[in-house]
>>> print(open('start-v8.txt').read())   # compact mmCIF, C-alpha atoms and all ligand atoms
# COMPACT_ATOMS: atom_id res chain seq x y z
CA MET A 138 0.00 0.00 0.00
CA LEU A 139 2.99 2.27 0.64
CA ASN A 140 3.54 2.75 -3.08
CA TRP A 141 -0.07 3.79 -3.64
CA LEU A 142 0.30 6.42 -0.94
CA GLY A 143 3.22 7.95 -2.85
CA MET A 144 5.41 8.18 0.24
CA PRO A 145 8.90 9.65 -0.13
CA PRO A 146 11.83 7.23 0.39
CA ALA A 147 12.22 6.10 3.99
CA ALA A 148 15.62 7.39 5.09
CA SER A 149 15.64 7.00 8.86
CA ALA A 150 15.63 4.10 11.31
CA HIS A 151 12.14 4.85 12.62
CA ALA A 152 10.55 5.61 9.23
CA GLY A 153 9.21 2.06 8.85
CA GLU A 154 7.29 2.35 12.10
CA ILE A 155 5.62 5.61 11.01
CA ASP A 156 4.82 4.18 7.58
CA GLN A 157 3.24 1.08 9.09
CA MET A 158 0.97 3.30 11.17
CA MET A 159 0.13 5.39 8.12
CA VAL A 160 -0.82 2.25 6.17
CA LEU A 161 -3.06 1.00 8.99
CA VAL A 162 -4.81 4.37 9.26
CA HIS A 163 -5.37 4.42 5.51
CA TRP A 164 -6.83 0.90 5.52
CA LEU A 165 -9.24 2.00 8.24
CA MET A 166 -10.16 5.13 6.27
CA LEU A 167 -10.70 3.04 3.13
CA VAL A 168 -13.08 0.71 4.97
CA LEU A 169 -14.95 3.69 6.47
CA PHE A 170 -15.10 5.41 3.09
CA VAL A 171 -16.56 2.35 1.36
CA GLY A 172 -18.92 1.72 4.27
CA TRP A 173 -20.26 5.27 4.44
CA GLY A 174 -20.32 5.48 0.64
CA ALA A 175 -22.61 2.43 0.50
CA PHE A 176 -24.71 3.56 3.47
CA PHE A 177 -25.59 6.91 1.89
CA PRO A 178 -27.42 5.56 -1.24
CA TYR A 179 -28.98 2.89 0.98
CA VAL A 180 -30.69 5.47 3.23
CA LEU A 181 -31.63 7.59 0.21
CA VAL A 182 -33.61 4.65 -1.17
CA LYS A 183 -34.91 3.18 2.07
CA PHE A 184 -36.17 6.43 3.57
CA ARG A 185 -37.38 8.01 0.32
CA ALA A 186 -40.53 10.15 0.63
CA GLY A 187 -42.56 7.83 -1.60
CA ALA A 188 -42.17 4.86 0.71
CA ASN A 189 -42.47 6.93 3.90
CA PRO A 190 -45.28 9.45 3.42
CA LYS A 191 -45.43 10.04 7.16
CA ALA A 192 -42.31 10.97 9.11
CA SER A 193 -41.20 8.50 11.76
CA TYR A 194 -40.56 10.18 15.10
CA THR A 195 -38.88 7.17 16.69
CA GLY A 196 -36.08 6.75 14.16
CA ALA A 197 -34.41 3.56 13.01
CA HIS A 198 -33.74 0.68 15.38
CA GLY A 199 -31.02 -1.85 14.91
CA LYS A 200 -27.96 -3.29 16.57
CA PHE A 201 -25.84 -3.08 13.44
CA ALA A 202 -25.26 0.68 13.62
CA LYS A 203 -24.25 0.62 17.27
CA SER A 204 -21.92 -2.37 16.96
CA THR A 205 -20.23 -0.82 13.91
CA GLU A 206 -19.66 2.39 15.85
CA VAL A 207 -18.19 0.48 18.78
CA ALA A 208 -15.93 -1.56 16.48
CA VAL A 209 -14.58 1.57 14.78
CA ALA A 210 -13.93 3.18 18.17
CA ILE A 211 -12.07 0.06 19.36
CA ILE A 212 -9.89 0.00 16.24
CA GLU A 213 -9.11 3.71 16.65
CA ILE A 214 -8.21 3.26 20.32
CA ALA A 215 -5.98 0.30 19.41
CA LEU A 216 -4.19 2.40 16.79
CA LEU A 217 -3.60 5.11 19.36
CA VAL A 218 -2.56 2.88 22.25
CA PHE A 219 -0.48 0.29 20.40
CA TYR A 220 1.02 2.38 17.61
CA ALA A 221 0.80 6.15 17.94
CA ILE A 222 1.55 6.60 21.64
CA PRO A 223 4.53 4.18 21.80
CA ALA A 224 6.00 5.69 18.59
CA TRP A 225 5.61 9.21 19.98
CA ALA A 226 7.05 8.20 23.36
CA THR A 227 10.27 7.00 21.67
CA ARG A 228 10.58 10.32 19.85
CA VAL A 229 10.16 12.46 22.97
CA LYS A 230 11.71 10.28 25.68
CA ALA A 231 14.39 7.91 24.35
CA PHE A 232 16.97 10.52 23.34
CA PRO A 233 20.42 9.28 22.32
CA ALA A 234 23.37 10.11 24.57
CA GLU A 235 25.08 13.34 23.51
CA SER A 236 28.42 11.47 23.50
CA GLU A 237 27.38 9.10 20.71
CA ALA A 238 25.16 11.45 18.72
CA VAL A 239 25.87 14.26 16.29
CA VAL A 240 24.55 17.28 18.16
CA VAL A 241 23.53 20.30 16.14
CA ARG A 242 21.49 23.44 16.70
CA VAL A 243 19.00 24.30 13.98
CA VAL A 244 17.63 27.83 14.07
CA ALA A 245 14.77 28.78 11.79
CA HIS A 246 14.08 32.33 10.65
CA GLN A 247 12.24 34.06 7.85
CA PHE A 248 13.14 32.39 5.45
CA ALA A 249 16.07 30.06 5.99
CA TRP A 250 17.56 27.42 8.25
CA GLU A 251 20.76 28.07 10.19
CA MET A 252 22.84 25.17 11.49
CA GLN A 253 25.39 25.39 14.28
CA TYR A 254 27.76 22.53 15.16
CA PRO A 255 29.52 22.85 18.51
CA GLY A 256 32.94 21.87 17.10
CA PRO A 257 35.53 19.60 18.80
CA ASP A 258 35.01 21.24 22.22
CA GLY A 259 31.40 20.00 22.21
CA LYS A 260 30.16 23.39 23.41
CA PHE A 261 27.87 25.69 21.46
CA GLY A 262 29.24 29.21 21.25
CA ARG A 263 27.10 32.13 22.32
CA THR A 264 24.65 33.56 19.83
CA ASP A 265 22.93 36.88 20.15
CA PRO A 266 20.14 38.30 17.99
CA LYS A 267 21.89 41.69 18.19
CA LEU A 268 24.83 40.26 16.24
CA VAL A 269 22.68 39.09 13.34
CA THR A 270 23.89 40.55 10.05
CA ALA A 271 23.61 39.56 6.39
CA ASP A 272 26.65 37.31 6.68
CA ASN A 273 26.04 36.19 10.26
CA ASN A 274 22.43 35.00 10.13
CA ILE A 275 22.62 33.05 13.36
CA GLY A 276 24.29 35.92 15.26
CA ILE A 277 27.25 33.90 16.53
CA ASP A 278 29.68 35.71 18.81
CA ARG A 279 33.13 34.66 17.55
CA THR A 280 34.81 36.37 20.51
CA ASP A 281 33.32 33.70 22.78
CA PRO A 282 35.95 30.95 23.26
CA ASN A 283 33.27 28.26 22.81
CA ALA A 284 32.29 29.77 19.46
CA LYS A 285 35.77 29.72 17.90
CA ASP A 286 35.42 26.14 16.59
CA ASP A 287 31.69 26.23 15.83
CA ILE A 288 30.73 25.35 12.27
CA VAL A 289 27.86 27.44 10.97
CA THR A 290 26.01 26.75 7.72
CA THR A 291 22.88 28.09 6.07
CA ASN A 292 20.25 25.78 4.54
CA GLN A 293 22.67 22.87 4.54
CA LEU A 294 22.70 20.17 7.19
CA MET A 295 25.52 17.65 6.83
CA LEU A 296 25.20 14.37 8.73
CA PRO A 297 26.88 10.97 8.80
CA VAL A 298 24.81 7.88 8.03
CA ASP A 299 23.74 5.41 10.74
CA ARG A 300 24.58 7.69 13.67
CA PRO A 301 21.95 9.22 15.94
CA VAL A 302 21.38 12.93 15.42
CA LEU A 303 20.20 15.21 18.19
CA VAL A 304 18.87 18.52 16.90
CA HIS A 305 18.17 21.42 19.25
CA LEU A 306 15.52 23.28 17.32
CA SER A 307 14.57 26.91 17.80
CA SER A 308 13.35 29.94 15.91
CA GLN A 309 14.42 33.58 15.77
CA ASP A 310 11.09 35.08 14.80
CA VAL A 311 7.81 33.23 14.14
CA ILE A 312 6.73 29.60 14.35
CA HIS A 313 8.31 27.47 11.63
CA SER A 314 8.28 23.71 11.29
CA PHE A 315 11.28 21.49 10.67
CA GLY A 316 9.99 19.00 8.11
CA LEU A 317 12.25 16.17 6.99
CA TYR A 318 9.81 14.08 5.01
CA ASP A 319 12.29 11.41 4.02
CA MET A 320 13.26 10.96 7.67
CA ARG A 321 9.61 11.07 8.80
CA VAL A 322 10.51 13.94 11.14
CA LYS A 323 8.40 17.01 11.73
CA GLN A 324 8.64 19.40 14.65
CA ASP A 325 7.56 22.99 15.08
CA ALA A 326 10.32 25.51 15.78
CA ILE A 327 9.05 27.99 18.35
CA PRO A 328 10.69 31.28 19.33
CA GLY A 329 11.95 31.22 22.90
CA MET A 330 12.10 27.43 23.07
CA SER A 331 14.82 24.91 22.29
CA ILE A 332 13.13 21.68 21.32
CA PRO A 333 15.12 18.45 21.03
CA VAL A 334 14.47 16.27 17.98
CA TRP A 335 16.27 13.04 17.21
CA PHE A 336 16.49 10.45 14.45
CA ILE A 337 18.98 8.07 12.85
CA PRO A 338 19.48 8.70 9.12
CA ASN A 339 20.13 5.36 7.45
CA ARG A 340 20.37 6.18 3.74
CA VAL A 341 23.13 8.13 2.08
CA GLY A 342 21.74 10.87 -0.14
CA GLU A 343 20.54 14.42 -0.53
CA TYR A 344 17.16 15.25 1.00
CA GLU A 345 15.05 18.32 1.61
CA ILE A 346 14.30 20.36 4.71
CA ALA A 347 10.88 21.91 4.20
CA CYS A 348 9.27 24.51 6.41
CA SER A 349 5.90 22.99 7.27
CA GLN A 350 4.26 26.03 8.80
CA LEU A 351 3.00 28.94 6.76
CA CYS A 352 5.48 31.42 8.22
CA GLY A 353 5.20 34.49 6.01
CA LEU A 354 5.39 35.73 2.43
CA GLY A 355 8.64 33.92 1.69
CA HIS A 356 7.50 30.60 3.18
CA PHE A 357 7.59 28.94 -0.25
CA ARG A 358 11.32 29.45 -0.54
CA MET A 359 12.22 28.35 2.99
CA ARG A 360 13.92 25.23 1.77
CA GLY A 361 17.08 23.65 3.06
CA PHE A 362 19.01 20.51 2.26
CA ILE A 363 20.13 17.61 4.36
CA THR A 364 23.05 15.61 3.05
CA ILE A 365 23.66 12.17 4.51
CA GLN A 366 27.20 10.94 3.90
CA SER A 367 29.36 7.99 4.86
CA ALA A 368 31.18 8.49 8.15
CA ALA A 369 34.48 9.04 6.26
CA ASP A 370 33.02 11.66 3.91
CA TYR A 371 31.34 13.45 6.80
CA GLN A 372 34.63 13.52 8.68
CA LYS A 373 36.35 14.95 5.61
CA TRP A 374 33.79 17.76 5.40
CA TYR A 375 34.05 18.36 9.15
CA ASP A 376 37.84 18.56 9.06
CA ALA A 377 37.77 20.94 6.08
CA GLN A 378 35.37 23.21 7.96
CA GLN A 379 37.61 23.16 11.02
CA LYS A 380 40.60 24.04 8.89
CA GLU A 381 38.77 27.06 7.51
CA LEU A 382 38.01 28.25 11.04
CA GLN A 383 41.67 28.19 12.07
CA PRO A 384 43.20 31.65 12.15
CA ALA A 385 45.50 32.23 9.16
CA PRO A 386 49.13 31.70 10.21
CA THR A 387 50.92 34.98 10.72
CA PRO A 388 53.55 35.40 8.03
CA THR A 389 57.04 35.10 9.45
CA ALA A 390 59.72 37.53 8.44
CA PRO A 391 62.13 36.10 5.80
CU CU A 401 9.20 28.89 7.91
>>> encode(input="start-v8.txt", output="structure tokens")
Amino acid sequence: MLNWLGMPPAASAHAGEIDQMMVLVHWLMLVLFVGWGAFFPYVLVKFRAGANPKASYTGAHGKFAKSTEVAVAIIEIALLVFYAIPAWATRVKAFPAESEAVVVRVVAHQFAWEMQYPGPDGKFGRTDPKLVTADNNIGIDRTDPNAKDDIVTTNQLMLPVDRPVLVHLSSQDVIHSFGLYDMRVKQDAIPGMSIPVWFIPNRVGEYEIACSQLCGLGHFRMRGFITIQSAADYQKWYDAQQKELQPAPTPTAP
């Protein structure tokens, strides 16, 4: 059924679980759609004016309607209790340890995504909205010792494959939503809050970060990219970024 639903490729460890739930919900909706679709012409014919010249004030009696309603409610409760709630609990409770995960801050603003990696020291440098300029969208304070090794990118999230990722998500202005459809991840970014989001990308490739909240006139172009690489390629990128951050060596006198 997944192919009929036109789902994007599943590129994270938990994607299968979400897809399974989606398929079950769609089967239920299909059954309800066919059931209601058949019921409608049935009542049109059965209760037509010609056959019922006088209105009935007691209504229809029958066990079938009630038992169908109860069955649908039970199936819906089962979907919630056995699928939705456990899946959600893993997303919001079972966070990976910071030591084994790639930790990155993602800051949304009108109309782009800013990424901040803490660098080898593992500490995020200070950011300040007052420092935001055209070439410092995240407002990082490079005079802060913790900020000296921080990698900052715009609209490009680089991650290694098969390693947990812990994103600290926030927003500088309005509510945006961090939508990684291929990873089956979606979380609102809310100003004043830092919301943890985690997943394990398990397919090398280039995917899209879509803003999933109508956040202003430029919402349509609030599009970033997420590149999943092999551990070696990611390390290469990381090292190159670190090299760029090193202060240029002072020329020595000949
Ligand atoms: Cu947005």
>>> closest_residue(input="start-v8.txt", among="A:Ser314, A:Asn283, A:Gln247, A:Gln293", to="Glu345 of chain A", atoms="all atoms listed in the file")
A:Gln293
>>> atom_distance(input="start-v8.txt", atom1="atom CA of Met159 of chain A", atom2="atom CA of Phe232 of chain A")
23.3 Å
>>> residues_near_ligand(input="start-v8.txt", ligand="ligand CU 401 (chain A)", cutoff="7 Å", atoms="all atoms listed in the file", output="PyMOL selection string")
chain A and resi 245-248+312-314+348-352+356+359
>>> write_last_selection(input="start-v8.txt", atoms="C-alpha atoms", output="PDB file, keeping the file's coordinate frame")
ATOM      1  CA  ALA A 245      14.770  28.780  11.790  1.00  0.00           C
ATOM      2  CA  HIS A 246      14.080  32.330  10.650  1.00  0.00           C
ATOM      3  CA  GLN A 247      12.240  34.060   7.850  1.00  0.00           C
ATOM      4  CA  PHE A 248      13.140  32.390   5.450  1.00  0.00           C
ATOM      5  CA  ILE A 312       6.730  29.600  14.350  1.00  0.00           C
ATOM      6  CA  HIS A 313       8.310  27.470  11.630  1.00  0.00           C
ATOM      7  CA  SER A 314       8.280  23.710  11.290  1.00  0.00           C
ATOM      8  CA  CYS A 348       9.270  24.510   6.410  1.00  0.00           C
ATOM      9  CA  SER A 349       5.900  22.990   7.270  1.00  0.00           C
ATOM     10  CA  GLN A 350       4.260  26.030   8.800  1.00  0.00           C
ATOM     11  CA  LEU A 351       3.000  28.940   6.760  1.00  0.00           C
ATOM     12  CA  CYS A 352       5.480  31.420   8.220  1.00  0.00           C
ATOM     13  CA  HIS A 356       7.500  30.600   3.180  1.00  0.00           C
ATOM     14  CA  MET A 359      12.220  28.350   2.990  1.00  0.00           C
TER      15      MET A 359
END
>>> atom_distance(input="start-v8.txt", atom1="atom CA of Ala208 of chain A", atom2="atom CA of Asn140 of chain A")
27.9 Å
>>> residues_around(input="start-v8.txt", residues="Ile363 of chain A", least_positions_apart="5", cutoff="7 Å", atoms="all atoms listed in the file", output="PyMOL selection string")
chain A and resi 293-295+343-346
>>> write_last_selection(input="start-v8.txt", atoms="C-alpha atoms", output="short mmCIF file (atom, residue, chain, number, x, y, z; two decimals), in the coordinates of the input")
data_model
loop_
_atom_site.label_atom_id
_atom_site.label_comp_id
_atom_site.auth_asym_id
_atom_site.auth_seq_id
_atom_site.Cartn_x
_atom_site.Cartn_y
_atom_site.Cartn_z
CA GLN A 293 22.67 22.87 4.54
CA LEU A 294 22.70 20.17 7.19
CA MET A 295 25.52 17.65 6.83
CA GLU A 343 20.54 14.42 -0.53
CA TYR A 344 17.16 15.25 1.00
CA GLU A 345 15.05 18.32 1.61
CA ILE A 346 14.30 20.36 4.71
#
>>> closest_residue(input="start-v8.txt", among="A:Met144, A:Arg263, A:Val244, A:Ile211", to="Lys285 of chain A", atoms="all atoms listed in the file")
A:Arg263
>>> atom_distance(input="start-v8.txt", atom1="atom CA of Glu206 of chain A", atom2="atom CA of Gly174 of chain A")
15.5 Å
>>> residues_around(input="start-v8.txt", residues="Leu169 of chain A", least_positions_apart="5", cutoff="12 Å", atoms="only C-alpha atoms", output="PDB file with C-alpha atoms, in the coordinates of the input")
ATOM      1  CA  VAL A 162      -4.810   4.370   9.260  1.00  0.00           C
ATOM      2  CA  HIS A 163      -5.370   4.420   5.510  1.00  0.00           C
ATOM      3  CA  TRP A 164      -6.830   0.900   5.520  1.00  0.00           C
ATOM      4  CA  GLY A 174     -20.320   5.480   0.640  1.00  0.00           C
ATOM      5  CA  ALA A 175     -22.610   2.430   0.500  1.00  0.00           C
ATOM      6  CA  PHE A 176     -24.710   3.560   3.470  1.00  0.00           C
ATOM      7  CA  THR A 205     -20.230  -0.820  13.910  1.00  0.00           C
ATOM      8  CA  GLU A 206     -19.660   2.390  15.850  1.00  0.00           C
ATOM      9  CA  ALA A 208     -15.930  -1.560  16.480  1.00  0.00           C
ATOM     10  CA  VAL A 209     -14.580   1.570  14.780  1.00  0.00           C
ATOM     11  CA  ALA A 210     -13.930   3.180  18.170  1.00  0.00           C
ATOM     12  CA  ILE A 212      -9.890   0.000  16.240  1.00  0.00           C
ATOM     13  CA  GLU A 213      -9.110   3.710  16.650  1.00  0.00           C
TER      14      GLU A 213
END
>>> axis_aligned_box(input="start-v8.txt", around="segment 184-199 of chain A", padding_each_side="8 Å", output="AutoDock Vina command-line options")
--center_x -38.2 --center_y 4.6 --center_z 7.5 --size_x 30.4 --size_y 28.8 --size_z 34.3
>>> closest_residue(input="start-v8.txt", among="A:Leu142, A:Met252, A:Ser204, A:Lys230", to="Pro333 of chain A", atoms="all atoms listed in the file")
A:Lys230
>>> residues_around(input="start-v8.txt", residues="segment 301-306 of chain A", least_positions_apart="6", cutoff="6 Å", atoms="only C-alpha atoms", output="PyMOL selection string")
chain A and resi 238-244+326+331-337
>>> closest_atom_pairs(input="start-v8.txt", of="segment 245-283 of chain A", to="segment 374-379 of chain A", cutoff="10 Å", atoms="all atoms listed in the file", output="CSV")
residue,atom,partner,partner_atom,distance
A:Tyr254,CA,A:Tyr375,CA,9.6
A:Gly256,CA,A:Gln379,CA,7.8
A:Pro257,CA,A:Gln379,CA,8.8
>>> residues_around(input="start-v8.txt", residues="Leu268 of chain A", least_positions_apart="4", cutoff="12 Å", atoms="only C-alpha atoms", output="list in words")
Arg263, Thr264, Asp272, Asn273, Asn274, Ile275, Gly276, Ile277, Asp278, Arg279 and Thr280 of chain A
>>> decode(input="start-v8.txt", residues="segment 207-245 of chain A", atoms="C-alpha atoms", output="compact mmCIF listing (two decimals), in the first residue's frame")
# COMPACT_ATOMS: atom_id res chain seq x y z
CA VAL A 207 -18.19 0.48 18.78
CA ALA A 208 -15.93 -1.56 16.48
CA VAL A 209 -14.58 1.57 14.78
CA ALA A 210 -13.93 3.18 18.17
CA ILE A 211 -12.07 0.06 19.36
CA ILE A 212 -9.89 0.00 16.24
CA GLU A 213 -9.11 3.71 16.65
CA ILE A 214 -8.21 3.26 20.32
CA ALA A 215 -5.98 0.30 19.41
CA LEU A 216 -4.19 2.40 16.79
CA LEU A 217 -3.60 5.11 19.36
CA VAL A 218 -2.56 2.88 22.25
CA PHE A 219 -0.48 0.29 20.40
CA TYR A 220 1.02 2.38 17.61
CA ALA A 221 0.80 6.15 17.94
CA ILE A 222 1.55 6.60 21.64
CA PRO A 223 4.53 4.18 21.80
CA ALA A 224 6.00 5.69 18.59
CA TRP A 225 5.61 9.21 19.98
CA ALA A 226 7.05 8.20 23.36
CA THR A 227 10.27 7.00 21.67
CA ARG A 228 10.58 10.32 19.85
CA VAL A 229 10.16 12.46 22.97
CA LYS A 230 11.71 10.28 25.68
CA ALA A 231 14.39 7.91 24.35
CA PHE A 232 16.97 10.52 23.34
CA PRO A 233 20.42 9.28 22.32
CA ALA A 234 23.37 10.11 24.57
CA GLU A 235 25.08 13.34 23.51
CA SER A 236 28.42 11.47 23.50
CA GLU A 237 27.38 9.10 20.71
CA ALA A 238 25.16 11.45 18.72
CA VAL A 239 25.87 14.26 16.29
CA VAL A 240 24.55 17.28 18.16
CA VAL A 241 23.53 20.30 16.14
CA ARG A 242 21.49 23.44 16.70
CA VAL A 243 19.00 24.30 13.98
CA VAL A 244 17.63 27.83 14.07
CA ALA A 245 14.77 28.78 11.79
